[in-house]
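Visitor: Sharing my_file_4.csv, CSV, C-alpha atoms:
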chain,number,residue,atom,x,y,z
A,1,MET,CA,23.5,42.1,4.1
A,2,THR,CA,22.5,38.5,4.7
A,3,MET,CA,21.2,36.2,1.9
A,4,LYS,CA,17.6,36.4,3.2
A,5,ARG,CA,17.8,40.2,3.2
A,6,SER,CA,19.3,40.2,-0.3
A,7,LEU,CA,16.5,38.0,-1.5
A,8,LEU,CA,13.9,40.3,0.2
A,9,PHE,CA,15.5,43.3,-1.5
A,10,ILE,CA,15.5,41.7,-4.9
A,11,THR,CA,11.9,40.5,-4.5
A,12,ILE,CA,10.8,44.0,-3.5
A,13,LEU,CA,12.7,45.6,-6.4
A,14,PHE,CA,11.0,43.3,-9.0
A,15,THR,CA,7.6,43.7,-7.3
A,16,SER,CA,8.0,47.5,-7.5
A,17,VAL,CA,8.8,47.3,-11.2
A,18,VAL,CA,5.6,45.2,-11.8
A,19,SER,CA,3.6,47.6,-9.6
A,20,PHE,CA,4.7,50.6,-11.8
A,21,ALA,CA,2.9,48.9,-14.7
A,22,GLN,CA,-0.4,49.4,-12.8
A,23,ASN,CA,0.3,53.1,-12.1
A,24,ASP,CA,-2.2,54.5,-14.5
A,25,LEU,CA,-4.9,52.2,-13.2
A,26,THR,CA,-4.3,52.6,-9.4
A,27,MET,CA,-3.7,56.4,-9.5
A,28,TYR,CA,-6.9,57.1,-11.6
A,29,ASN,CA,-9.1,57.3,-8.5
A,30,MET,CA,-6.5,58.4,-5.8
A,31,ASN,CA,-7.7,61.9,-5.0
A,32,MET,CA,-5.2,62.2,-2.1
A,33,ILE,CA,-2.4,62.4,-4.8
A,34,GLY,CA,-2.2,65.6,-6.9
A,35,HIS,CA,-0.7,63.7,-9.8
A,36,SER,CA,-4.0,61.8,-10.2
A,37,VAL,CA,-5.2,64.7,-12.4
A,38,GLN,CA,-2.7,63.6,-15.1
A,39,MET,CA,-4.6,60.3,-15.5
A,40,ASN,CA,-8.1,61.6,-14.6
A,41,PRO,CA,-8.7,65.2,-15.6
A,42,SER,CA,-12.0,65.3,-13.7
A,43,MET,CA,-10.4,64.2,-10.4
A,44,MET,CA,-10.6,66.8,-7.6
A,45,PRO,CA,-7.5,66.2,-5.4
A,46,VAL,CA,-8.1,66.8,-1.6
A,47,ASN,CA,-4.8,68.7,-1.2
A,48,LYS,CA,-4.9,72.4,-1.9
A,49,TYR,CA,-1.7,72.4,-3.9
A,50,TYR,CA,1.3,70.3,-4.8
A,51,ILE,CA,4.6,70.8,-6.7
A,52,SER,CA,7.0,68.2,-8.2
A,53,LEU,CA,10.6,68.9,-9.2
A,54,PRO,CA,13.2,66.7,-11.0
A,55,VAL,CA,14.8,63.8,-9.2
A,56,ILE,CA,12.8,64.3,-6.0
A,57,GLY,CA,9.5,64.4,-7.8
A,58,SER,CA,7.5,61.8,-9.8
A,59,VAL,CA,9.4,59.0,-11.5
A,60,ASN,CA,7.6,56.2,-13.3
A,61,ILE,CA,9.1,53.1,-14.8
A,62,MET,CA,7.3,50.3,-16.4
A,63,TYR,CA,8.7,47.0,-17.7
A,64,SER,CA,7.0,43.9,-19.2
A,65,ASN,CA,7.8,41.0,-21.4
A,66,SER,CA,5.9,38.2,-23.0
A,67,SER,CA,8.5,35.5,-22.5
A,68,PHE,CA,9.5,34.7,-18.9
A,69,ALA,CA,8.6,35.9,-15.4
A,70,TYR,CA,10.9,36.6,-12.5
A,71,ARG,CA,10.0,33.2,-10.9
A,72,ASP,CA,11.4,31.4,-14.0
A,73,LEU,CA,14.8,33.1,-13.5
A,74,HIS,CA,15.0,32.9,-9.7
A,75,THR,CA,15.3,29.8,-7.6
A,76,VAL,CA,16.0,29.3,-3.8
A,77,ARG,CA,17.9,26.2,-3.0
A,78,SER,CA,17.2,24.1,0.2
A,79,ASN,CA,20.2,25.7,1.9
A,80,ASP,CA,18.7,29.1,1.4
A,81,SER,CA,21.1,30.1,-1.4
A,82,ILE,CA,20.0,31.9,-4.5
A,83,TYR,CA,20.3,30.4,-8.0
A,84,PHE,CA,19.6,32.2,-11.2
A,85,ASP,CA,18.5,29.6,-13.7
A,86,VAL,CA,19.2,31.4,-17.0
A,87,GLN,CA,18.7,28.2,-18.9
A,88,ASN,CA,15.1,27.8,-17.6
A,89,ALA,CA,14.3,31.4,-18.4
A,90,ILE,CA,15.5,31.0,-22.0
A,91,SER,CA,13.5,27.8,-22.3
A,92,LYS,CA,10.3,29.8,-21.6
A,93,MET,CA,10.9,32.1,-24.5
A,94,LYS,CA,8.5,31.7,-27.5
A,95,ASP,CA,9.4,31.8,-31.2
A,96,VAL,CA,8.5,35.5,-31.1
A,97,ASN,CA,8.7,37.6,-27.9
A,98,CYS,CA,7.9,41.2,-27.1
A,99,MET,CA,9.5,43.4,-24.5
A,100,MET,CA,8.2,46.9,-23.5
A,101,MET,CA,9.7,49.6,-21.3
A,102,GLN,CA,8.3,53.0,-20.5
A,103,PHE,CA,9.9,55.8,-18.5
A,104,ARG,CA,8.6,59.2,-17.4
A,105,THR,CA,9.7,61.8,-14.9
A,106,ASP,CA,8.5,65.3,-14.2
A,107,LEU,CA,10.7,68.2,-15.0
A,108,LEU,CA,8.0,70.3,-13.4
A,109,SER,CA,4.5,69.5,-12.2
A,110,PHE,CA,2.1,71.5,-10.1
A,111,GLY,CA,-1.5,71.9,-9.0
A,112,PHE,CA,-3.4,74.3,-6.8
A,113,ARG,CA,-7.0,74.9,-5.8
A,114,ILE,CA,-8.9,78.3,-6.0
A,115,GLY,CA,-12.5,78.0,-4.8
A,116,LYS,CA,-14.2,75.3,-6.7
A,117,ASN,CA,-11.5,75.1,-9.4
A,118,TYR,CA,-8.3,73.1,-9.4
A,119,PHE,CA,-5.6,74.2,-11.9
A,120,ASN,CA,-2.7,72.0,-12.9
A,121,GLY,CA,0.2,71.6,-15.3
A,122,ASN,CA,3.3,69.6,-16.0
A,123,ILE,CA,6.4,69.3,-18.2
A,124,THR,CA,7.3,65.6,-18.3
A,125,GLU,CA,10.2,63.7,-20.0
A,126,ARG,CA,9.0,60.5,-21.5
A,127,ALA,CA,10.6,57.5,-23.3
A,128,HIS,CA,9.1,54.3,-24.8
A,129,LEU,CA,10.8,51.2,-26.0
A,130,TYR,CA,9.1,48.2,-27.8
A,131,PHE,CA,11.4,45.3,-28.8
A,132,MET,CA,10.3,42.2,-30.7
A,133,TYR,CA,12.8,39.3,-30.8
A,134,PRO,CA,13.0,35.6,-31.5
A,135,GLY,CA,13.8,33.2,-28.6
A,136,SER,CA,16.2,31.3,-30.8
A,137,PHE,CA,18.6,34.3,-30.8
A,138,PHE,CA,19.0,34.2,-27.0
A,139,ARG,CA,19.4,30.4,-27.1
A,140,LEU,CA,22.3,30.9,-29.5
A,141,LEU,CA,23.9,33.5,-27.1
A,142,ASN,CA,23.5,31.0,-24.2
A,143,ASP,CA,24.7,27.8,-26.0
A,144,GLY,CA,27.2,29.3,-28.4
A,145,ASN,CA,27.6,28.7,-32.1
A,146,GLY,CA,29.8,25.6,-31.9
A,147,LYS,CA,27.1,23.1,-32.8
A,148,TYR,CA,25.9,25.2,-35.8
A,149,LEU,CA,29.1,25.1,-37.8
A,150,GLY,CA,28.4,25.3,-41.5
A,151,GLN,CA,24.7,26.1,-40.9
A,152,THR,CA,22.8,29.2,-41.7
A,153,LEU,CA,20.6,30.3,-38.8
A,154,ASP,CA,17.5,32.3,-39.6
A,155,PHE,CA,16.3,34.5,-36.7
A,156,LYS,CA,12.9,35.7,-37.7
A,157,LYS,CA,10.8,38.7,-36.4
A,158,PHE,CA,13.4,41.2,-35.2
A,159,GLY,CA,12.2,44.8,-34.7
A,160,PHE,CA,12.1,47.7,-32.3
A,161,ASP,CA,10.6,51.1,-31.8
A,162,ALA,CA,12.2,53.6,-29.4
A,163,SER,CA,10.9,57.1,-28.9
A,164,HIS,CA,12.0,60.0,-26.6
A,165,PHE,CA,9.6,62.9,-26.3
A,166,ARG,CA,8.5,65.7,-23.9
A,167,GLU,CA,5.0,66.3,-22.7
A,168,TYR,CA,3.6,69.8,-22.0
A,169,ALA,CA,0.1,69.9,-20.4
A,170,VAL,CA,-2.3,72.2,-18.6
A,171,GLY,CA,-5.6,71.3,-17.1
A,172,MET,CA,-8.5,72.5,-14.9
A,173,THR,CA,-11.0,70.6,-12.8
A,174,ARG,CA,-14.3,72.2,-11.7
A,175,GLU,CA,-16.5,71.0,-8.8
A,176,ILE,CA,-20.1,71.2,-9.9
A,177,ASN,CA,-21.7,69.8,-6.7
A,178,ASP,CA,-20.9,67.2,-4.0
A,179,LYS,CA,-21.3,64.4,-6.6
A,180,TRP,CA,-20.1,65.8,-9.9
A,181,THR,CA,-16.9,67.2,-11.2
A,182,ALA,CA,-15.8,68.1,-14.7
A,183,GLY,CA,-12.3,68.5,-16.0
A,184,LEU,CA,-10.4,69.5,-19.1
A,185,ARG,CA,-6.7,68.8,-20.0
A,186,LEU,CA,-4.8,70.1,-23.0
A,187,LYS,CA,-1.6,68.3,-23.9
A,188,SER,CA,1.2,68.8,-26.4
A,189,LEU,CA,3.8,66.2,-27.2
A,190,TYR,CA,7.2,67.3,-28.6
A,191,GLY,CA,9.1,64.5,-30.3
A,192,MET,CA,12.8,64.5,-29.8
A,193,GLU,CA,14.3,61.2,-31.1
A,194,ASN,CA,12.9,58.0,-32.6
A,195,PHE,CA,14.7,54.9,-33.7
A,196,SER,CA,12.6,52.2,-35.3
A,197,THR,CA,12.8,49.3,-37.7
A,198,GLU,CA,10.5,47.4,-40.1
A,199,VAL,CA,10.2,43.9,-38.6
A,200,GLY,CA,12.7,41.7,-40.5
A,201,ASN,CA,15.0,38.7,-40.3
A,202,LEU,CA,18.6,38.2,-39.3
A,203,TYR,CA,20.7,35.5,-40.8
A,204,MET,CA,24.0,34.1,-39.4
A,205,LYS,CA,26.4,31.5,-40.7
A,206,THR,CA,29.5,30.2,-38.9
A,207,ASP,CA,32.2,29.0,-41.3
A,208,ALA,CA,33.2,25.4,-40.5
A,209,SER,CA,36.9,25.9,-41.4
A,210,ASP,CA,37.9,29.2,-39.8
A,211,TYR,CA,34.8,29.9,-37.6
A,212,GLY,CA,34.2,33.2,-39.3
A,213,LEU,CA,30.8,34.7,-38.9
A,214,ASP,CA,28.7,35.9,-41.9
A,215,LEU,CA,25.8,38.1,-40.9
A,216,SER,CA,23.1,39.4,-43.2
A,217,SER,CA,19.7,41.0,-42.6
A,218,ASP,CA,16.8,42.6,-44.4
A,219,ILE,CA,16.1,44.9,-41.4
A,220,VAL,CA,15.6,48.6,-42.3
A,221,ILE,CA,16.5,51.0,-39.5
A,222,ASN,CA,14.8,54.4,-39.5
A,223,THR,CA,16.0,57.3,-37.4
A,224,SER,CA,14.7,60.8,-36.6
A,225,THR,CA,16.9,63.0,-34.4
A,226,PRO,CA,18.1,66.6,-34.2
A,227,LEU,CA,21.3,65.5,-36.0
A,228,ASN,CA,19.4,64.4,-39.1
A,229,GLN,CA,19.9,66.7,-42.0
A,230,ASP,CA,16.5,66.0,-43.4
A,231,ASP,CA,13.2,64.6,-42.1
A,232,GLY,CA,14.7,61.2,-41.3
A,233,TYR,CA,17.2,58.6,-42.2
A,234,SER,CA,17.0,55.0,-43.2
A,235,SER,CA,19.7,52.4,-43.5
A,236,GLN,CA,19.7,48.6,-44.2
A,237,ILE,CA,22.0,46.1,-42.5
A,238,GLY,CA,23.9,44.3,-45.2
A,239,SER,CA,26.2,41.3,-45.2
A,240,TYR,CA,29.5,41.3,-43.2
Is it possible to express this structure as structure tokens?
Guide:
Amino acid sequence: MTMKRSLLFITILFTSVVSFAQNDLTMYNMNMIGHSVQMNPSMMPVNKYYISLPVIGSVNIMYSNSSFAYRDLHTVRSNDSIYFDVQNAISKMKDVNCMMMQFRTDLLSFGFRIGKNYFNGNITERAHLYFMYPGSFFRLLNDGNGKYLGQTLDFKKFGFDASHFREYAVGMTREINDKWTAGLRLKSLYGMENFSTEVGNLYMKTDASDYGLDLSSDIVINTSTPLNQDDGYSSQIGSY
């Protein structure tokens, strides 16, 4: 694969990731796709039926962050070579940044039309991740801690919320006339795992004599999984 083709592939990949973020908006009025009823219950698809199975069916990935864009990380030199400018991307980070990722894939999804009615249903695996982080933490990872000997660094505003759940839904769309349709969609969300924190601070000190690291934090981590013996579990990161 030539450098130009590699660049094209990477550009298409990142463009696709950004495009996924607009999925709910673009599919809302796309009646040629059966999945549109999942976003718009009153949509009457033009196809008589559809079915979606794992892997070969619907997969949706969304990624966004508030710090840097792909163009801040990627540079093309005059000789057509690619340069990933990590330093420039880190310099774009704010004091407090937010990253979000969402994933969903159908275990089973279907729809079919009978007369003026369109019936549909789906079982969908879904996961969400929200991560808040300070830009100074990634600057430390990039620069190293050598110039902070004997200092206590305070990384403010750390926190995350990650959830994994399953969606069960059934719906029906009714064609009233050539201009009006009406739809109803019932949905049940089954929570499976959750890991979350209260937004807190992380402190780090590098000993000037033996370069030992002292880490402490007031971040509280909450978990809810099938392995928990009770309704949930909380722990606090201490000093190490």
Visitor: May I ask which of the residues A:Asn122, A:Asn201, A:Asn31, A:Asn142 is the closest one to Ser216 of chain A, counting all atoms listed in the file?
Guide: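 The closest residue to Ser216 of chain A is A:Asn201.
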Visitor: With a distance cut-off of 7 Å and only C-alpha atoms, select the neighbouring residues of Leu53 of chain A, excluding the residue or stretch itself and same-chain residues fewer than 4 positions from it, and output the selection as a PDB file with C-alpha atoms, in the frame of the given file.
Guide:
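See out.pdb below for the written result:
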ATOM      1  CA  GLY A  57       9.500  64.400  -7.800  1.00  0.00           C
ATOM      2  CA  ASP A 106       8.500  65.300 -14.200  1.00  0.00           C
ATOM      3  CA  LEU A 107      10.700  68.200 -15.000  1.00  0.00           C
ATOM      4  CA  LEU A 108       8.000  70.300 -13.400  1.00  0.00           C
ATOM      5  CA  SER A 109       4.500  69.500 -12.200  1.00  0.00           C
TER       6      SER A 109
END
Visitor: What's the 7 Å shell around segment 185-197 of chain A, counting all atoms listed in the file, without same-chain residues fewer than 3 positions away, as number ranges by chain?
Guide: A: 41, 159-172, 219-225
Visitor: Which distance in Å separates atom CA of Ser52 of chain A and atom CA of Arg104 of chain A, to one decimal?
Guide: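 Atom-to-atom, atom CA of Ser52 of chain A and atom CA of Arg104 of chain A are spaced 13.0 Å apart.
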Visitor: Ranking A:Val59, A:Ala89, A:Met27, A:Ile123 by minimum distance to Gln102 of chain A and counting only C-alpha atoms, which one comes first?
Guide: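 When distances to Gln102 of chain A are compared using only C-alpha atoms, the smallest one comes from A:Val59.
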Visitor: Might you pull out every residue within 12 Å of Phe138 of chain A, with all atoms listed in the file counted and same-chain residues fewer than 2 positions away left off, and present them as a PyMOL selection string?
Guide: chain A and resi 67+86-87+89-97+133-136+140-145+155
Visitor: Please determine, counting only C-alpha atoms, which residue among A:Ile114, A:Ile56, A:Cys98, A:Leu153 has the shortest atom-to-atom distance to Met44 of chain A.
Guide: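 Among the listed residues, the smallest separation from Met44 of chain A belongs to A:Ile114.
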Visitor: Just checking: using only C-alpha atoms, which residue out of A:Asn65, A:Gln151, A:Asn117, A:Thr173 ends up closest to Phe131 of chain A?
Guide: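 Ranking A:Asn65, A:Gln151, A:Asn117, A:Thr173 by distance to Phe131 of chain A, first place goes to A:Asn65.
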